[in-house]
>>> print(open('input.tsv').read())   # TSV, C-alpha atoms and all ligand atoms
chain	number	residue	atom	x	y	z
A	1	MET	CA	26.52	-2.99	-25.35
A	2	ARG	CA	23.13	-4.14	-26.57
A	3	PHE	CA	20.08	-2.76	-24.75
A	4	LYS	CA	17.48	-5.35	-23.77
A	5	ARG	CA	13.82	-5.10	-22.95
A	6	PRO	CA	13.11	-6.01	-19.29
A	7	LYS	CA	11.95	-9.60	-18.80
A	8	ILE	CA	8.83	-10.04	-16.68
A	9	ALA	CA	7.92	-13.53	-15.45
A	10	ILE	CA	4.37	-14.03	-14.21
A	11	ILE	CA	3.79	-17.18	-12.20
A	12	GLY	CA	0.15	-18.27	-12.38
A	13	ALA	CA	-1.63	-17.71	-15.69
A	14	GLY	CA	-5.11	-17.37	-14.20
A	15	HIS	CA	-7.32	-14.28	-14.01
A	16	THR	CA	-4.80	-11.89	-12.48
A	17	GLY	CA	-1.74	-13.39	-14.23
A	18	ALA	CA	-3.22	-13.14	-17.72
A	19	THR	CA	-4.58	-9.63	-17.07
A	20	ILE	CA	-1.18	-8.44	-15.81
A	21	ALA	CA	0.39	-9.94	-18.96
A	22	LEU	CA	-2.04	-8.05	-21.19
A	23	MET	CA	-1.43	-4.74	-19.39
A	24	VAL	CA	2.37	-5.19	-19.39
A	25	ALA	CA	2.25	-5.95	-23.12
A	26	GLN	CA	-0.04	-3.03	-23.98
A	27	LYS	CA	2.24	-0.65	-22.08
A	28	GLU	CA	5.26	-2.23	-23.79
A	29	ILE	CA	7.03	-2.61	-20.46
A	30	GLY	CA	8.92	-5.79	-21.31
A	31	ASP	CA	8.93	-9.35	-22.61
A	32	ILE	CA	6.65	-11.73	-20.75
A	33	VAL	CA	6.82	-15.35	-19.61
A	34	LEU	CA	3.51	-16.67	-18.31
A	35	VAL	CA	4.00	-19.81	-16.18
A	36	ASP	CA	1.41	-22.27	-14.91
A	37	ILE	CA	1.35	-25.88	-13.69
A	38	PRO	CA	1.95	-28.69	-16.26
A	39	ASP	CA	-1.79	-29.54	-16.39
A	40	LEU	CA	-2.54	-25.94	-17.42
A	41	GLU	CA	0.42	-25.39	-19.76
A	42	MET	CA	-1.78	-25.38	-22.87
A	43	PRO	CA	-4.17	-22.67	-21.59
A	44	ALA	CA	-1.10	-20.62	-20.56
A	45	LYS	CA	0.28	-20.96	-24.09
A	46	GLY	CA	-3.13	-20.10	-25.53
A	47	LYS	CA	-3.48	-16.93	-23.43
A	48	ALA	CA	0.06	-15.84	-24.37
A	49	LEU	CA	-0.64	-16.35	-28.07
A	50	ASP	CA	-3.98	-14.58	-27.82
A	51	ILE	CA	-2.32	-11.55	-26.16
A	52	LEU	CA	0.47	-11.60	-28.76
A	53	GLN	CA	-2.15	-11.43	-31.50
A	54	THR	CA	-3.47	-8.15	-30.08
A	55	SER	CA	-0.03	-6.60	-30.81
A	56	PRO	CA	-0.68	-5.72	-34.48
A	57	ILE	CA	-3.92	-4.03	-33.41
A	58	GLU	CA	-2.63	-2.29	-30.29
A	59	LYS	CA	0.81	-1.69	-31.87
A	60	PHE	CA	3.22	-3.02	-29.25
A	61	ASN	CA	6.46	-4.94	-29.63
A	62	VAL	CA	7.08	-7.53	-26.92
A	63	HIS	CA	7.64	-11.27	-26.84
A	64	ILE	CA	5.22	-13.32	-24.79
A	65	ILE	CA	5.17	-17.05	-24.16
A	66	GLY	CA	3.18	-19.44	-21.99
A	67	THR	CA	4.93	-22.39	-20.40
A	68	ALA	CA	5.12	-24.83	-17.50
A	69	ASN	CA	8.91	-24.95	-17.70
A	70	TYR	CA	10.56	-22.76	-15.05
A	71	GLN	CA	13.80	-22.65	-17.08
A	72	GLU	CA	12.02	-20.09	-19.25
A	73	ILE	CA	12.10	-17.53	-16.40
A	74	GLU	CA	15.90	-17.51	-16.45
A	75	HIS	CA	17.34	-13.95	-16.17
A	76	ALA	CA	13.91	-12.47	-15.41
A	77	ASP	CA	14.22	-8.93	-14.03
A	78	ILE	CA	10.83	-9.05	-12.32
A	79	VAL	CA	8.87	-12.07	-11.12
A	80	VAL	CA	5.22	-11.61	-10.19
A	81	ILE	CA	3.70	-14.43	-8.15
A	82	THR	CA	-0.05	-14.88	-8.62
A	83	ALA	CA	0.02	-18.66	-8.22
A	84	GLY	CA	-2.46	-20.12	-5.83
A	85	ILE	CA	-6.12	-20.53	-5.40
A	86	ALA	CA	-8.49	-17.56	-5.28
A	87	ARG	CA	-11.17	-16.94	-2.66
A	88	LYS	CA	-14.57	-18.46	-3.20
A	89	PRO	CA	-17.82	-16.96	-1.77
A	90	GLY	CA	-17.89	-17.33	2.02
A	91	MET	CA	-14.17	-18.11	2.18
A	92	THR	CA	-11.85	-15.78	4.14
A	93	ARG	CA	-8.34	-14.98	2.99
A	94	GLU	CA	-7.09	-17.00	5.97
A	95	ASP	CA	-8.85	-20.13	4.65
A	96	LEU	CA	-6.40	-20.01	1.79
A	97	ILE	CA	-3.33	-20.05	4.00
A	98	GLN	CA	-2.21	-23.65	4.02
A	99	THR	CA	-2.69	-24.36	0.33
A	100	ASN	CA	-1.15	-21.15	-0.87
A	101	ALA	CA	1.80	-21.28	1.56
A	102	SER	CA	2.98	-24.57	0.09
A	103	ILE	CA	2.44	-23.29	-3.46
A	104	ILE	CA	4.44	-20.11	-2.69
A	105	ARG	CA	7.27	-22.13	-1.13
A	106	SER	CA	7.58	-24.28	-4.21
A	107	VAL	CA	7.33	-21.33	-6.64
A	108	SER	CA	9.89	-19.36	-4.58
A	109	GLU	CA	12.39	-22.26	-4.76
A	110	HIS	CA	12.14	-22.09	-8.55
A	111	VAL	CA	12.55	-18.32	-8.55
A	112	LYS	CA	15.64	-18.62	-6.35
A	113	CYS	CA	17.10	-21.20	-8.71
A	114	TYR	CA	16.28	-19.66	-12.10
A	115	ALA	CA	15.96	-15.91	-11.47
A	116	PRO	CA	18.30	-15.25	-8.54
A	117	ASN	CA	18.74	-11.56	-9.36
A	118	SER	CA	15.08	-10.73	-9.85
A	119	TYR	CA	12.75	-8.41	-7.95
A	120	VAL	CA	9.73	-10.36	-6.75
A	121	ILE	CA	6.20	-9.01	-6.31
A	122	VAL	CA	3.73	-11.29	-4.54
A	123	LEU	CA	-0.03	-11.06	-5.10
A	124	SER	CA	-1.24	-14.46	-3.83
A	125	ASN	CA	-3.37	-14.32	-0.68
A	126	PRO	CA	-3.11	-13.97	2.24
A	127	VAL	CA	-0.60	-11.66	0.67
A	128	ASP	CA	1.19	-10.24	3.73
A	129	ALA	CA	2.03	-13.76	4.92
A	130	MET	CA	2.79	-15.05	1.41
A	131	THR	CA	5.29	-12.19	0.92
A	132	TYR	CA	7.00	-13.31	4.13
A	133	VAL	CA	7.06	-16.95	2.94
A	134	CYS	CA	8.61	-15.84	-0.36
A	135	LEU	CA	11.23	-13.68	1.36
A	136	GLU	CA	12.15	-16.52	3.72
A	137	THR	CA	12.29	-19.17	0.98
A	138	THR	CA	14.26	-17.16	-1.60
A	139	GLY	CA	16.57	-15.59	0.99
A	140	PHE	CA	16.63	-12.48	-1.25
A	141	SER	CA	17.36	-9.11	0.34
A	142	LYS	CA	14.34	-7.28	1.75
A	143	ASN	CA	14.38	-4.57	-0.94
A	144	ARG	CA	13.80	-7.25	-3.62
A	145	VAL	CA	10.75	-9.05	-2.21
A	146	MET	CA	7.48	-7.17	-1.78
A	147	GLY	CA	3.74	-7.67	-1.91
A	148	GLN	CA	0.79	-5.83	-3.38
A	149	SER	CA	-2.24	-4.76	-1.40
A	150	GLY	CA	-2.16	-1.05	-0.55
A	151	ILE	CA	-2.34	0.25	-4.11
A	152	LEU	CA	-5.52	-1.75	-4.68
A	153	ASP	CA	-7.05	-0.90	-1.30
A	154	THR	CA	-6.24	2.78	-1.83
A	155	ALA	CA	-7.78	2.66	-5.33
A	156	ARG	CA	-10.96	1.18	-3.85
A	157	PHE	CA	-11.12	3.88	-1.16
A	158	ASN	CA	-10.54	6.62	-3.78
A	159	THR	CA	-13.23	5.15	-6.06
A	160	PHE	CA	-15.83	5.16	-3.28
A	161	ILE	CA	-14.88	8.71	-2.18
A	162	ALA	CA	-15.12	10.06	-5.75
A	163	GLU	CA	-18.50	8.36	-6.23
A	164	ALA	CA	-19.85	9.72	-2.93
A	165	LEU	CA	-18.78	13.27	-3.77
A	166	HIS	CA	-19.60	13.10	-7.51
A	167	LEU	CA	-16.08	14.36	-8.19
A	168	SER	CA	-13.22	13.13	-10.33
A	169	VAL	CA	-11.09	10.27	-8.95
A	170	GLU	CA	-8.13	12.20	-10.33
A	171	ASP	CA	-8.44	14.69	-7.48
A	172	VAL	CA	-8.63	12.11	-4.70
A	173	THR	CA	-5.44	11.11	-2.90
A	174	SER	CA	-5.40	8.80	0.09
A	175	PHE	CA	-3.42	6.08	1.74
A	176	VAL	CA	-4.32	2.63	3.04
A	177	LEU	CA	-1.87	1.05	5.48
A	178	GLY	CA	-1.59	-2.30	7.21
A	179	GLY	CA	-2.49	-5.86	6.26
A	180	HIS	CA	-4.70	-6.79	3.30
A	181	GLY	CA	-7.55	-7.93	5.50
A	182	ASP	CA	-10.65	-6.52	7.11
A	183	GLU	CA	-8.34	-4.78	9.63
A	184	MET	CA	-6.62	-2.64	6.94
A	185	VAL	CA	-6.24	1.03	7.86
A	186	PRO	CA	-7.55	3.64	5.39
A	187	LEU	CA	-5.83	6.81	6.64
A	188	VAL	CA	-8.58	9.42	6.67
A	189	SER	CA	-6.21	12.08	8.02
A	190	TYR	CA	-4.05	11.68	4.86
A	191	THR	CA	-7.01	11.83	2.45
A	192	TYR	CA	-7.45	14.95	0.32
A	193	ILE	CA	-9.70	16.06	-2.52
A	194	GLY	CA	-7.81	18.56	-4.64
A	195	GLY	CA	-5.88	19.58	-1.54
A	196	ILE	CA	-8.97	19.81	0.72
A	197	PRO	CA	-9.10	17.39	3.66
A	198	LEU	CA	-11.82	14.73	3.22
A	199	GLU	CA	-13.01	15.49	6.75
A	200	LYS	CA	-14.09	18.96	5.54
A	201	MET	CA	-16.21	17.46	2.74
A	202	LEU	CA	-18.04	14.51	4.30
A	203	SER	CA	-19.46	13.79	7.74
A	204	LYS	CA	-17.79	11.37	10.13
A	205	ALA	CA	-20.58	8.85	9.57
A	206	GLN	CA	-20.30	9.07	5.77
A	207	ILE	CA	-16.51	8.61	5.96
A	208	GLU	CA	-16.90	5.62	8.27
A	209	GLN	CA	-19.23	3.98	5.72
A	210	LEU	CA	-16.63	4.42	2.95
A	211	VAL	CA	-13.89	3.06	5.21
A	212	GLU	CA	-16.00	-0.01	5.99
A	213	ARG	CA	-16.80	-0.59	2.31
A	214	THR	CA	-13.08	-0.34	1.50
A	215	ARG	CA	-12.23	-2.88	4.20
A	216	LYS	CA	-14.75	-5.28	2.69
A	217	GLY	CA	-13.93	-4.25	-0.92
A	218	GLY	CA	-12.44	-7.59	-1.95
A	219	GLY	CA	-15.34	-9.56	-0.47
A	220	GLU	CA	-17.89	-7.37	-2.28
A	221	ILE	CA	-16.39	-8.35	-5.63
A	222	VAL	CA	-16.07	-12.03	-4.65
A	223	GLU	CA	-19.80	-12.08	-3.89
A	224	LEU	CA	-20.68	-10.34	-7.17
A	225	LEU	CA	-18.47	-12.52	-9.36
A	226	GLY	CA	-19.69	-15.72	-7.74
A	227	ASN	CA	-16.55	-17.51	-8.89
A	228	GLY	CA	-13.09	-16.16	-8.12
A	229	SER	CA	-11.92	-12.76	-6.96
A	230	ALA	CA	-11.12	-9.34	-8.43
A	231	TYR	CA	-8.52	-9.19	-11.17
A	232	PHE	CA	-8.67	-5.98	-13.23
A	233	ALA	CA	-7.78	-3.53	-10.44
A	234	PRO	CA	-5.32	-5.98	-8.79
A	235	ALA	CA	-3.54	-6.38	-12.13
A	236	ALA	CA	-3.37	-2.61	-12.67
A	237	SER	CA	-1.87	-2.27	-9.17
A	238	ILE	CA	0.87	-4.80	-9.94
A	239	VAL	CA	1.67	-3.09	-13.24
A	240	LYS	CA	2.12	0.22	-11.41
A	241	MET	CA	4.72	-1.48	-9.17
A	242	ILE	CA	6.52	-3.12	-12.12
A	243	GLU	CA	6.75	0.23	-13.92
A	244	ALA	CA	8.10	1.99	-10.83
A	245	ILE	CA	10.93	-0.56	-10.62
A	246	VAL	CA	11.90	-1.07	-14.28
A	247	LYS	CA	11.67	2.67	-15.04
A	248	ASP	CA	13.38	3.63	-11.72
A	249	LYS	CA	10.56	6.05	-10.98
A	250	ARG	CA	11.08	6.39	-7.20
A	251	ARG	CA	7.31	6.54	-6.69
A	252	VAL	CA	5.75	6.80	-3.25
A	253	MET	CA	3.17	4.08	-2.80
A	254	PRO	CA	1.88	1.63	-0.21
A	255	VAL	CA	3.70	-1.69	-0.62
A	256	ILE	CA	4.00	-4.77	1.56
A	257	ALA	CA	7.56	-4.60	2.90
A	258	TYR	CA	9.60	-6.59	5.39
A	259	LEU	CA	9.85	-4.55	8.59
A	260	GLN	CA	12.51	-4.82	11.27
A	261	GLY	CA	11.54	-2.10	13.69
A	262	ASP	CA	9.87	0.40	11.34
A	263	TYR	CA	6.41	1.27	12.66
A	264	HIS	CA	7.40	-0.85	15.73
A	265	VAL	CA	6.88	-4.01	13.64
A	266	HIS	CA	9.49	-6.75	13.92
A	267	ASN	CA	10.01	-9.66	11.53
A	268	ALA	CA	6.81	-9.38	9.48
A	269	CYS	CA	5.73	-8.14	6.06
A	270	ILE	CA	2.99	-5.52	6.06
A	271	GLY	CA	1.72	-2.62	3.93
A	272	VAL	CA	3.51	0.69	4.54
A	273	PRO	CA	4.42	3.68	2.38
A	274	VAL	CA	7.69	3.12	0.54
A	275	VAL	CA	9.79	4.68	-2.18
A	276	LEU	CA	9.73	2.20	-5.07
A	277	GLY	CA	12.43	2.54	-7.71
A	278	GLY	CA	15.19	0.79	-9.62
A	279	ASN	CA	16.52	-0.80	-6.45
A	280	GLY	CA	13.10	-2.13	-5.45
A	281	ILE	CA	12.05	-0.87	-2.02
A	282	GLU	CA	14.45	2.05	-1.70
A	283	SER	CA	13.16	3.13	1.73
A	284	VAL	CA	10.20	2.90	4.09
A	285	ILE	CA	8.48	6.20	4.91
A	286	GLU	CA	7.43	6.57	8.55
A	287	LEU	CA	4.17	8.52	8.84
A	288	HIS	CA	2.89	10.19	11.95
A	289	LEU	CA	-0.33	8.39	12.92
A	290	ASN	CA	-2.93	9.79	15.30
A	291	GLU	CA	-4.02	7.70	18.26
A	292	ALA	CA	-6.96	6.01	16.52
A	293	GLU	CA	-4.82	5.19	13.46
A	294	GLN	CA	-2.04	3.79	15.66
A	295	LYS	CA	-4.55	1.56	17.39
A	296	ALA	CA	-6.04	0.38	14.08
A	297	PHE	CA	-2.57	-0.26	12.64
A	298	ALA	CA	-1.54	-2.27	15.73
A	299	ASN	CA	-4.72	-4.32	15.30
A	300	SER	CA	-3.90	-4.98	11.66
A	301	VAL	CA	-0.31	-5.97	12.50
A	302	HIS	CA	-1.68	-8.34	15.10
A	303	ALA	CA	-3.89	-10.04	12.47
A	304	VAL	CA	-0.85	-10.47	10.18
A	305	TYR	CA	1.21	-11.96	13.06
A	306	ARG	CA	-1.63	-14.42	13.76
A	307	THR	CA	-1.60	-15.60	10.12
A	308	LEU	CA	2.20	-15.96	10.22
A	309	GLU	CA	2.05	-17.99	13.41
A	310	TYR	CA	-0.50	-20.26	11.77
A	311	ILE	CA	1.88	-20.91	8.89
A	312	LYS	CA	4.90	-21.43	11.10
B	401	LIG	P1	-6.75	-17.93	-10.58
B	401	LIG	O1	-7.26	-19.17	-9.94
B	401	LIG	O2	-7.49	-17.36	-11.73
B	401	LIG	O3	-5.23	-18.16	-11.04
B	401	LIG	C1	-4.25	-18.76	-10.23
B	401	LIG	C2	-3.38	-19.57	-11.15
B	401	LIG	O4	-2.26	-20.07	-10.40
B	401	LIG	C3	-4.10	-20.82	-11.73
B	401	LIG	O5	-4.03	-20.78	-13.14
B	401	LIG	C4	-3.31	-21.98	-11.13
B	401	LIG	O6	-3.24	-23.10	-11.98
B	401	LIG	C5	-1.95	-21.33	-10.94
B	401	LIG	N1	-1.06	-22.10	-10.06
B	401	LIG	C6	-1.39	-22.80	-8.94
B	401	LIG	N2	-0.28	-23.39	-8.45
B	401	LIG	C7	0.75	-23.04	-9.26
B	401	LIG	C8	2.15	-23.33	-9.27
B	401	LIG	N3	2.69	-24.11	-8.33
B	401	LIG	N4	2.91	-22.81	-10.26
B	401	LIG	C9	2.36	-22.03	-11.23
B	401	LIG	N5	1.04	-21.72	-11.26
B	401	LIG	C10	0.25	-22.22	-10.28
B	401	LIG	O7	-6.63	-16.86	-9.40
B	401	LIG	P2	-6.43	-15.28	-9.54
B	401	LIG	O8	-7.74	-14.61	-9.58
B	401	LIG	O9	-5.44	-15.04	-10.63
B	401	LIG	O10	-5.76	-14.96	-8.12
B	401	LIG	C11	-4.47	-15.43	-7.81
B	401	LIG	C12	-4.11	-15.16	-6.36
B	401	LIG	O11	-4.03	-13.75	-6.15
B	401	LIG	C13	-5.12	-15.67	-5.34
B	401	LIG	O12	-4.45	-16.14	-4.20
B	401	LIG	C14	-5.92	-14.43	-4.99
B	401	LIG	O13	-6.55	-14.53	-3.72
B	401	LIG	C15	-4.82	-13.41	-5.01
B	401	LIG	N6	-5.24	-12.01	-5.18
B	401	LIG	C16	-4.62	-11.08	-4.38
B	401	LIG	C17	-4.93	-9.74	-4.50
B	401	LIG	C18	-4.18	-8.72	-3.67
B	401	LIG	O14	-4.55	-7.56	-3.66
B	401	LIG	N7	-3.13	-9.10	-2.99
B	401	LIG	C19	-5.89	-9.33	-5.43
B	401	LIG	C20	-6.49	-10.30	-6.25
B	401	LIG	C21	-6.15	-11.65	-6.12
>>> encode(input="input.tsv", output="structure tokens", more="lines below")
Ligand code: NAD
Amino acid sequence: MRFKRPKIAIIGAGHTGATIALMVAQKEIGDIVLVDIPDLEMPAKGKALDILQTSPIEKFNVHIIGTANYQEIEHADIVVITAGIARKPGMTREDLIQTNASIIRSVSEHVKCYAPNSYVIVLSNPVDAMTYVCLETTGFSKNRVMGQSGILDTARFNTFIAEALHLSVEDVTSFVLGGHGDEMVPLVSYTYIGGIPLEKMLSKAQIEQLVERTRKGGGEIVELLGNGSAYFAPAASIVKMIEAIVKDKRRVMPVIAYLQGDYHVHNACIGVPVVLGGNGIESVIELHLNEAEQKAFANSVHAVYRTLEYIK
């Protein structure tokens, strides 16, 4: 038997897609196919070639191509969907719904046709709903279709906590649950600094400020950039998920998963802690939530249901 490098297809060669490709290449995780629409095939090819030309400097061995031809994703092990339009200043994630839902449907049809055994990670916003659309369109099993939001939201929360305390981010662990919207639920009761509960280190008011900044974390960057949305931290979050799957790491992380009764959620995709490994979402971990967290989570689920109803 001949061992092969994993094949990673990235649909959408924009800011996040190209950054994911660069990080996957630098970490030598697998070969990469970067796909965009026919009008943007040349820029996709250009970005792929540019990344490839960093390989003699960074010393990695992977193949990377840009294309508009979906046949090239054949036998992909992982497909990352970043296709869609990004938020512009003043635009909510929900404004993106209609356009991105039809893009995700069409991309998912191609994935179903050309990479029927792949694991799919959705990034396009509104990501909880787009993960659902992808799951429904591909018909893949629920362990193979997932979305990214919680790793990014948790990273934002940890960044703000470390800054507020003037301590290393390495010692901050926390968890953000729920939908990737303003109703997301940073779990303060599961937040520790080197094993010490956050609530012992900051006042209630200070923590509430950090929670609020986390909830608005995406919007803050949209306003600063003036054109488009965050892409470095989102890309790093996706790469963490890809690595957990292709290296069968069985990591515990917040991932958007299809729920059928877990956390009392039925028939929706939403961010919850999961074990992510070689079989994709290996299991969902049920956390005990206090009353305030339960209420906030229910609120977040409600917002995700509203978006789904809008699409349906
Ligand atoms: P971008 O505009 O830079 O790139 C999107 C790319 O998708 C473009 O190159 C576009 O041509 C391409 N595209 C559109 N339709 C396509 C199709 N049918 N097939 C192939 N490619 C297609 O945007 P971005 O900054 O890379 O963001 C991409 C998406 O990810 C947006 O919806 C954004 O809101 C979302 N996002 C989500 C998170 C998260 O945490 N879930 C974080 C950042 C960005």
>>> residues_near_ligand(input="input.tsv", ligand="ligand LIG 401 (chain B)", cutoff="7 Å", atoms="only C-alpha atoms and all ligand atoms", output="short mmCIF file (atom, residue, chain, number, x, y, z; two decimals) with C-alpha atoms, in the frame of the given file")
data_model
loop_
_atom_site.label_atom_id
_atom_site.label_comp_id
_atom_site.auth_asym_id
_atom_site.auth_seq_id
_atom_site.Cartn_x
_atom_site.Cartn_y
_atom_site.Cartn_z
CA ILE A 11 3.79 -17.18 -12.20
CA GLY A 12 0.15 -18.27 -12.38
CA ALA A 13 -1.63 -17.71 -15.69
CA GLY A 14 -5.11 -17.37 -14.20
CA HIS A 15 -7.32 -14.28 -14.01
CA THR A 16 -4.80 -11.89 -12.48
CA GLY A 17 -1.74 -13.39 -14.23
CA VAL A 35 4.00 -19.81 -16.18
CA ASP A 36 1.41 -22.27 -14.91
CA ILE A 37 1.35 -25.88 -13.69
CA LEU A 40 -2.54 -25.94 -17.42
CA THR A 82 -0.05 -14.88 -8.62
CA ALA A 83 0.02 -18.66 -8.22
CA GLY A 84 -2.46 -20.12 -5.83
CA ILE A 85 -6.12 -20.53 -5.40
CA ALA A 86 -8.49 -17.56 -5.28
CA ARG A 87 -11.17 -16.94 -2.66
CA ARG A 93 -8.34 -14.98 2.99
CA ASN A 100 -1.15 -21.15 -0.87
CA ILE A 103 2.44 -23.29 -3.46
CA SER A 106 7.58 -24.28 -4.21
CA VAL A 107 7.33 -21.33 -6.64
CA LEU A 123 -0.03 -11.06 -5.10
CA SER A 124 -1.24 -14.46 -3.83
CA ASN A 125 -3.37 -14.32 -0.68
CA PRO A 126 -3.11 -13.97 2.24
CA VAL A 127 -0.60 -11.66 0.67
CA GLN A 148 0.79 -5.83 -3.38
CA SER A 149 -2.24 -4.76 -1.40
CA LEU A 152 -5.52 -1.75 -4.68
CA HIS A 180 -4.70 -6.79 3.30
CA GLY A 228 -13.09 -16.16 -8.12
CA SER A 229 -11.92 -12.76 -6.96
CA ALA A 230 -11.12 -9.34 -8.43
CA TYR A 231 -8.52 -9.19 -11.17
CA PRO A 234 -5.32 -5.98 -8.79
#
>>> closest_residue(input="input.tsv", among="A:Ile104, A:Leu198, A:Glu41, A:Val265", to="Tyr132 of chain A", atoms="all atoms listed in the file")
A:Ile104
>>> atom_distance(input="input.tsv", atom1="atom CA of Ala244 of chain A", atom2="atom CA of Leu276 of chain A")
6.0 Å
>>> atom_distance(input="input.tsv", atom1="atom CA of Ile196 of chain A", atom2="atom CA of Lys249 of chain A")
26.6 Å
>>> closest_residue(input="input.tsv", among="A:Gly181, A:Pro43, A:Gly139, A:Gly195", to="Thr307 of chain A", atoms="only C-alpha atoms")
A:Gly181
>>> residues_around(input="input.tsv", residues="Val169 of chain A", least_positions_apart="6", cutoff="12 Å", atoms="only C-alpha atoms", output="PyMOL selection string")
chain A and resi 154-163+192-194
>>> write_last_selection(input="input.tsv", atoms="C-alpha atoms", output="PDB file, keeping the file's coordinate frame")
ATOM      1  CA  THR A 154      -6.240   2.780  -1.830  1.00  0.00           C
ATOM      2  CA  ALA A 155      -7.780   2.660  -5.330  1.00  0.00           C
ATOM      3  CA  ARG A 156     -10.960   1.180  -3.850  1.00  0.00           C
ATOM      4  CA  PHE A 157     -11.120   3.880  -1.160  1.00  0.00           C
ATOM      5  CA  ASN A 158     -10.540   6.620  -3.780  1.00  0.00           C
ATOM      6  CA  THR A 159     -13.230   5.150  -6.060  1.00  0.00           C
ATOM      7  CA  PHE A 160     -15.830   5.160  -3.280  1.00  0.00           C
ATOM      8  CA  ILE A 161     -14.880   8.710  -2.180  1.00  0.00           C
ATOM      9  CA  ALA A 162     -15.120  10.060  -5.750  1.00  0.00           C
ATOM     10  CA  GLU A 163     -18.500   8.360  -6.230  1.00  0.00           C
ATOM     11  CA  TYR A 192      -7.450  14.950   0.320  1.00  0.00           C
ATOM     12  CA  ILE A 193      -9.700  16.060  -2.520  1.00  0.00           C
ATOM     13  CA  GLY A 194      -7.810  18.560  -4.640  1.00  0.00           C
TER      14      GLY A 194
END
>>> axis_aligned_box(input="input.tsv", around="segment 188-207 of chain A", padding_each_side="3 Å", output="AutoDock Vina command-line options")
--center_x -12.3 --center_y 14.2 --center_z 2.7 --size_x 22.5 --size_y 17.2 --size_z 20.8
>>> residues_around(input="input.tsv", residues="Thr131 of chain A", least_positions_apart="4", cutoff="8 Å", atoms="all atoms listed in the file", output="compact mmCIF listing (two decimals) with C-alpha atoms, in the frame of the given file")
# COMPACT_ATOMS: atom_id res chain seq x y z
CA ILE A 121 6.20 -9.01 -6.31
CA VAL A 122 3.73 -11.29 -4.54
CA VAL A 127 -0.60 -11.66 0.67
CA LEU A 135 11.23 -13.68 1.36
CA VAL A 145 10.75 -9.05 -2.21
CA MET A 146 7.48 -7.17 -1.78
CA GLY A 147 3.74 -7.67 -1.91
CA ILE A 256 4.00 -4.77 1.56
CA CYS A 269 5.73 -8.14 6.06
>>> closest_residue(input="input.tsv", among="A:Asp128, A:Asp39, A:Glu109, A:Glu291", to="Tyr305 of chain A", atoms="only C-alpha atoms")
A:Asp128
>>> closest_residue(input="input.tsv", among="A:Glu286, A:Asp31, A:Glu136, A:Glu170", to="Gly271 of chain A", atoms="only C-alpha atoms")
A:Glu286
>>> closest_residue(input="input.tsv", among="A:Cys113, A:Val80, A:Ile57, A:Val246", to="Ile10 of chain A", atoms="all atoms listed in the file")
A:Val80
>>> atom_distance(input="input.tsv", atom1="atom CA of His266 of chain A", atom2="atom CA of Val185 of chain A")
18.6 Å
>>> closest_residue(input="input.tsv", among="A:Ser189, A:Asn117, A:Pro89, A:Gly179", to="Ile221 of chain A", atoms="only C-alpha atoms")
A:Pro89
>>> residues_near_point(input="input.tsv", point="(3.4, -2.9, -25.8)", cutoff="9 Å", atoms="all atoms listed in the file", output="tab-separated table (two decimals) with C-alpha atoms, in the coordinates of the input")
chain	number	residue	atom	x	y	z
A	22	LEU	CA	-2.04	-8.05	-21.19
A	23	MET	CA	-1.43	-4.74	-19.39
A	24	VAL	CA	2.37	-5.19	-19.39
A	25	ALA	CA	2.25	-5.95	-23.12
A	26	GLN	CA	-0.04	-3.03	-23.98
A	27	LYS	CA	2.24	-0.65	-22.08
A	28	GLU	CA	5.26	-2.23	-23.79
A	29	ILE	CA	7.03	-2.61	-20.46
A	30	GLY	CA	8.92	-5.79	-21.31
A	55	SER	CA	-0.03	-6.60	-30.81
A	58	GLU	CA	-2.63	-2.29	-30.29
A	59	LYS	CA	0.81	-1.69	-31.87
A	60	PHE	CA	3.22	-3.02	-29.25
A	61	ASN	CA	6.46	-4.94	-29.63
A	62	VAL	CA	7.08	-7.53	-26.92
>>> residues_around(input="input.tsv", residues="Val274 of chain A", least_positions_apart="6", cutoff="10 Å", atoms="only C-alpha atoms", output="PyMOL selection string")
chain A and resi 250-257+280-286
>>> residues_around(input="input.tsv", residues="Tyr190 of chain A", least_positions_apart="4", cutoff="9 Å", atoms="all atoms listed in the file", output="VMD selection string")
chain A and resid 173 to 175 186 197 to 198
>>> write_last_selection(input="input.tsv", atoms="C-alpha atoms", output="short mmCIF file (atom, residue, chain, number, x, y, z; two decimals), keeping the file's coordinate frame")
data_model
loop_
_atom_site.label_atom_id
_atom_site.label_comp_id
_atom_site.auth_asym_id
_atom_site.auth_seq_id
_atom_site.Cartn_x
_atom_site.Cartn_y
_atom_site.Cartn_z
CA THR A 173 -5.44 11.11 -2.90
CA SER A 174 -5.40 8.80 0.09
CA PHE A 175 -3.42 6.08 1.74
CA PRO A 186 -7.55 3.64 5.39
CA PRO A 197 -9.10 17.39 3.66
CA LEU A 198 -11.82 14.73 3.22
#
